[in-house]
Amino acid sequence: MVIFRKILWGLILSFLISPLAGAHKEVEFIREFGGKGEDKGEFAKKTSFAFDRDGGIYIADTENLRIQKLNADGSFQFEIRGTDPDKFLFSNPMDIAVGADGTIYVVDWITVQVALNPDSSGVEDTASPRIFNYAPCVHRFDSEGSFVGSYPLQDLTKRIGTLEAAAPALDAEGKYALIIPQGDTQRSLLLTVDNEGHIYVFDNGDIYKLDADGNPLGIFATSQPSAGQLSKAADMTVDREGNLYIVDEDAHRVLKYDKAGQFLLSFGEYGDRVGQFISPFHVIVLDDGTILVADKAKYKKDYASDLPRQRYHPFQFGYVPYRIYRTRLRRVQRFYADGEYAEKILIRLRRENEADAHLNLKAIDYTGNLYFVDSETLKFRVFAPTTPLISAAFQTEAKLRYIYDFEDVEIDNQDDLDPNLGTKADFDERIRQNHIGADLSLTYDINEDLRFAISNGLTYLRLTDTSFFRTPDFEDFRGSFNQDDETTETSWENQIQLDFTLIQNHNPYQYREAGAFAYLNVVRDDFINEALDPNNDRLLDFRVRISSWGAGLRYDLGRAFQLQFMVAHSYGYNEYTYIDETDILYATGYMQLVGTVALLSVDGVF
């Protein structure tokens, strides 16, 4: 009994505490912009975002080799194209950042000629073939988009690497040349800028720090003894104090460094609970100093309807006889500067909604607005964090039904040997039935773990059964009576039920959940049978009144076993009054019903 009480209290605490421990916000749609193409305000598939403090949006379009600035409402303001080789050329713009003064920085690749014998006048025209280094750089533009300069991360006028790694090419004059690429040219380069204009570039495990004019200030390694090995950097940002935050996607964590490159702390671990990450890919420090981190955790919340499946219902594969509504919850978590978890933002994407079906998080601005891109149309949809709108998240289902049934039963007694066999029935019964049913269910996913549902089912039945007896009238010591009669039955039943489902582990290989339900059921039935002939006073009045309630819990004891406990209680009565053919009270009856059932079971598989 002690063990059972502990399990019961564990269930109750799971339902009461777990949802409260995961306080969250949700989002509301505010605007849409962009699209696929090469015109103003259109983009190719590979893009990166940056924002200024006034809400301006800066987008580096890698495939179209340009930078666009949009206003906060998504309207086009200006663009930067690298079309002047005497100034700069965009080669493979990968990331973009905007300084506090509106200066625009883009990390890219640049080709610089190697000076074999430079003199005081600059780069000497080397012997054929000319040799070029191809390496990362930062392009700088002012707030109006005018080019300022390009800053290589290292001195590229010196040969870096051997000629064995060089690739043949043509120089600007069409002459044969060699280009030495500095490492994998498809590797990820990350860029951010602090409030003092210092430029930080992450490249192959190291962070290069430059001043606003591109002068090197130092290089520091991200993999430090106290930090461990950085596996895969996915994003980088800086706060107002100059501290750097780097997302380690493969290690499922965020690392924090000071402006001198010294490791401060890390937070996060693998998992889908609060404070944990599954492949985090985006980080930003907001104006209020808190940190938003987006990861790839996805929570599947499928609702199985009782309605029959539509023939071309979207996102249902294989034969499923009923409709399934699929909601996918994504999340962005908020942390304080010390790495302590603050709250989460849940984004509900309904796969039956065409506007939600192909959305992926692309960026977050300094106010916390979330920018999603539609992978099919390349339109950007912007959502703002807000308090949950419960009414918008309900899965509502209503079913109404009406049944009318009429039956006419005629019986000709073959044993009476009358000449009317098959032409005139000895007994005729006519049954009319009206049946009305209404079912309403509301299902709401309170968060990624807890689902709440309320349902109500109402049934109303009215039945009329009229019987005609063609045989001679019934006769006993009281006299002769016609026994034709009519039965009228009126009944209704109403049940309201509450259901809760708490997912304890979303991992499909370790999936566990707990559930609870409670219901109240009321049945009312009135049955009256009376003779049709005015000389026959026979009457039977029968009434039933029953109410019941029940509640239960279920709890997964690991993946293979489930504990179930249920209590149901019923109470009510039925009573009747019978008056005979001569209007004399013949009998009365009363029966009370009280019953309680308790069930405890453990189901499992081996």
# chains A, B, ... in the order shown; residues from 1 in each chain; ligands from 1
$ select_by_dssp --residues "stretch 155-312 of chain A" --states "strand (DSSP E or B)" --output "ChimeraX atom specification"
/A:167-170,176-181,189-193,199-203,206-210,216-221,224,228,233-238,244-248,253-257,263-267,270,277,282-285,291-294,299-308
$ residues_around --residues "A:Leu307" --least-positions-apart "3" --cutoff "9 Å" --atoms "only C-alpha atoms" --output "list in words"
Ala304, Gln310, Pro321, Tyr322, Arg323, Glu397 and Lys399 of chain A
$ residues_around --residues "A:Gly552" --least-positions-apart "2" --cutoff "7 Å" --atoms "only C-alpha atoms" --output "PyMOL selection string"
chain A and resi 516-518+550+554+565-567
$ write_last_selection --atoms "all heavy atoms" --output "compact mmCIF listing (two decimals), in the first residue's frame"
# COMPACT_ATOMS: atom_id res chain seq x y z
N ALA A 516 -4.77 10.68 -17.12
CA ALA A 516 -5.81 10.72 -16.09
C ALA A 516 -7.13 11.12 -16.77
O ALA A 516 -7.12 11.84 -17.77
CB ALA A 516 -5.46 11.72 -15.00
N PHE A 517 -8.22 10.62 -16.23
CA PHE A 517 -9.52 10.98 -16.77
C PHE A 517 -10.55 11.01 -15.65
O PHE A 517 -10.37 10.39 -14.58
CB PHE A 517 -9.97 9.99 -17.86
CG PHE A 517 -10.39 8.65 -17.33
CD1 PHE A 517 -11.71 8.38 -17.00
CD2 PHE A 517 -9.45 7.64 -17.16
CE1 PHE A 517 -12.10 7.15 -16.50
CE2 PHE A 517 -9.82 6.40 -16.67
CZ PHE A 517 -11.16 6.14 -16.34
N ALA A 518 -11.63 11.72 -15.89
CA ALA A 518 -12.77 11.75 -14.97
C ALA A 518 -14.01 12.00 -15.80
O ALA A 518 -13.97 12.74 -16.78
CB ALA A 518 -12.59 12.83 -13.91
N GLY A 550 -16.75 8.44 -12.64
CA GLY A 550 -15.57 7.59 -12.61
C GLY A 550 -14.32 8.43 -12.81
O GLY A 550 -14.36 9.53 -13.35
N ARG A 554 -3.38 6.29 -15.48
CA ARG A 554 -2.49 5.31 -16.10
C ARG A 554 -1.07 5.87 -16.07
O ARG A 554 -0.87 7.08 -16.16
CB ARG A 554 -2.92 5.00 -17.53
CG ARG A 554 -2.73 6.12 -18.52
CD ARG A 554 -3.18 5.72 -19.92
NE ARG A 554 -2.79 6.69 -20.92
CZ ARG A 554 -3.43 7.80 -21.19
NH1 ARG A 554 -4.54 8.08 -20.52
NH2 ARG A 554 -2.99 8.64 -22.12
N PHE A 565 -5.23 2.39 -12.86
CA PHE A 565 -6.08 2.39 -11.68
C PHE A 565 -7.35 3.18 -12.02
O PHE A 565 -7.29 4.25 -12.62
CB PHE A 565 -5.37 3.04 -10.49
CG PHE A 565 -6.26 3.18 -9.28
CD1 PHE A 565 -6.62 2.07 -8.53
CD2 PHE A 565 -6.74 4.42 -8.88
CE1 PHE A 565 -7.45 2.18 -7.43
CE2 PHE A 565 -7.56 4.55 -7.79
CZ PHE A 565 -7.92 3.43 -7.06
N MET A 566 -8.51 2.62 -11.65
CA MET A 566 -9.77 3.26 -11.98
C MET A 566 -10.78 3.00 -10.86
O MET A 566 -10.80 1.91 -10.27
CB MET A 566 -10.33 2.73 -13.30
CG MET A 566 -11.61 3.44 -13.73
SD MET A 566 -12.37 2.68 -15.19
CE MET A 566 -13.03 1.19 -14.46
N VAL A 567 -11.59 4.00 -10.59
CA VAL A 567 -12.70 3.88 -9.65
C VAL A 567 -13.95 4.39 -10.35
O VAL A 567 -13.92 5.46 -10.97
CB VAL A 567 -12.46 4.69 -8.36
CG1 VAL A 567 -13.69 4.63 -7.46
CG2 VAL A 567 -11.25 4.15 -7.62
$ residues_around --residues "A:Asp288" --least-positions-apart "5" --cutoff "12 Å" --atoms "only C-alpha atoms" --output "VMD selection string"
chain A and resid 239 to 240 334 to 337 366 to 368
$ write_last_selection --atoms "N, CA, C and O atoms" --output "PDB file, in the first residue's frame"
ATOM      1  N   ASP A 239      27.212  39.949 -26.832  1.00  0.00           N
ATOM      2  CA  ASP A 239      26.329  40.783 -26.027  1.00  0.00           C
ATOM      3  C   ASP A 239      26.900  42.191 -25.906  1.00  0.00           C
ATOM      4  O   ASP A 239      27.950  42.527 -26.480  1.00  0.00           O
ATOM      5  N   ARG A 240      26.251  43.052 -25.139  1.00  0.00           N
ATOM      6  CA  ARG A 240      26.651  44.455 -25.033  1.00  0.00           C
ATOM      7  C   ARG A 240      27.986  44.625 -24.323  1.00  0.00           C
ATOM      8  O   ARG A 240      28.665  45.642 -24.496  1.00  0.00           O
ATOM      9  N   ARG A 334      14.787  30.654 -23.662  1.00  0.00           N
ATOM     10  CA  ARG A 334      15.403  31.889 -23.174  1.00  0.00           C
ATOM     11  C   ARG A 334      16.262  31.575 -21.948  1.00  0.00           C
ATOM     12  O   ARG A 334      15.848  30.826 -21.047  1.00  0.00           O
ATOM     13  N   PHE A 335      17.463  32.185 -21.903  1.00  0.00           N
ATOM     14  CA  PHE A 335      18.382  31.997 -20.783  1.00  0.00           C
ATOM     15  C   PHE A 335      18.871  33.362 -20.300  1.00  0.00           C
ATOM     16  O   PHE A 335      18.874  34.346 -21.043  1.00  0.00           O
ATOM     17  N   TYR A 336      19.286  33.385 -19.036  1.00  0.00           N
ATOM     18  CA  TYR A 336      19.949  34.570 -18.508  1.00  0.00           C
ATOM     19  C   TYR A 336      21.432  34.516 -18.872  1.00  0.00           C
ATOM     20  O   TYR A 336      21.936  33.502 -19.371  1.00  0.00           O
ATOM     21  N   ALA A 337      22.140  35.621 -18.602  1.00  0.00           N
ATOM     22  CA  ALA A 337      23.544  35.717 -19.011  1.00  0.00           C
ATOM     23  C   ALA A 337      24.424  34.666 -18.349  1.00  0.00           C
ATOM     24  O   ALA A 337      25.480  34.306 -18.889  1.00  0.00           O
ATOM     25  N   TYR A 366      16.412  41.464 -32.468  1.00  0.00           N
ATOM     26  CA  TYR A 366      16.778  41.862 -31.107  1.00  0.00           C
ATOM     27  C   TYR A 366      15.576  42.030 -30.187  1.00  0.00           C
ATOM     28  O   TYR A 366      15.739  42.130 -28.967  1.00  0.00           O
ATOM     29  N   THR A 367      14.374  42.083 -30.732  1.00  0.00           N
ATOM     30  CA  THR A 367      13.177  42.155 -29.891  1.00  0.00           C
ATOM     31  C   THR A 367      12.577  40.783 -29.634  1.00  0.00           C
ATOM     32  O   THR A 367      11.596  40.678 -28.909  1.00  0.00           O
ATOM     33  N   GLY A 368      13.142  39.752 -30.254  1.00  0.00           N
ATOM     34  CA  GLY A 368      12.642  38.403 -30.050  1.00  0.00           C
ATOM     35  C   GLY A 368      11.682  37.925 -31.114  1.00  0.00           C
ATOM     36  O   GLY A 368      11.152  36.812 -31.009  1.00  0.00           O
TER      37      GLY A 368
END
$ atom_distance --atom1 "atom CA of A:Arg326" --atom2 "atom CA of A:Tyr303"
6.4 Å
$ closest_residue --among "A:Tyr299, A:Gly261, A:Val522, A:Thr237" --to "A:Phe281" --atoms "only C-alpha atoms"
A:Thr237
$ atom_distance --atom1 "atom CA of A:Arg350" --atom2 "atom CA of A:Phe49"
25.4 Å
$ atom_distance --atom1 "atom CA of A:Asp258" --atom2 "atom CA of A:Gly242"
6.7 Å
$ residues_around --residues "A:Ser91" --least-positions-apart "6" --cutoff "10 Å" --atoms "only C-alpha atoms" --output "ChimeraX atom specification"
/A:62-63,65-66,82,108-111,136
$ closest_residue --among "A:Leu502, A:Phe76, A:Val112, A:Phe147" --to "A:Ile160" --atoms "only C-alpha atoms"
A:Val112
$ residues_around --residues "A:Lys259" --least-positions-apart "4" --cutoff "10 Å" --atoms "only C-alpha atoms" --output "PyMOL selection string"
chain A and resi 194+198+200+209+238-239+241-244+263
$ closest_residue --among "A:Asp235, A:Ile528, A:Lys158, A:Asn536" --to "A:Phe474" --atoms "only C-alpha atoms"
A:Asn536
$ residues_around --residues "A:Ser570" --least-positions-apart "6" --cutoff "7 Å" --atoms "only C-alpha atoms" --output "ChimeraX atom specification"
/A:547-549,594-596
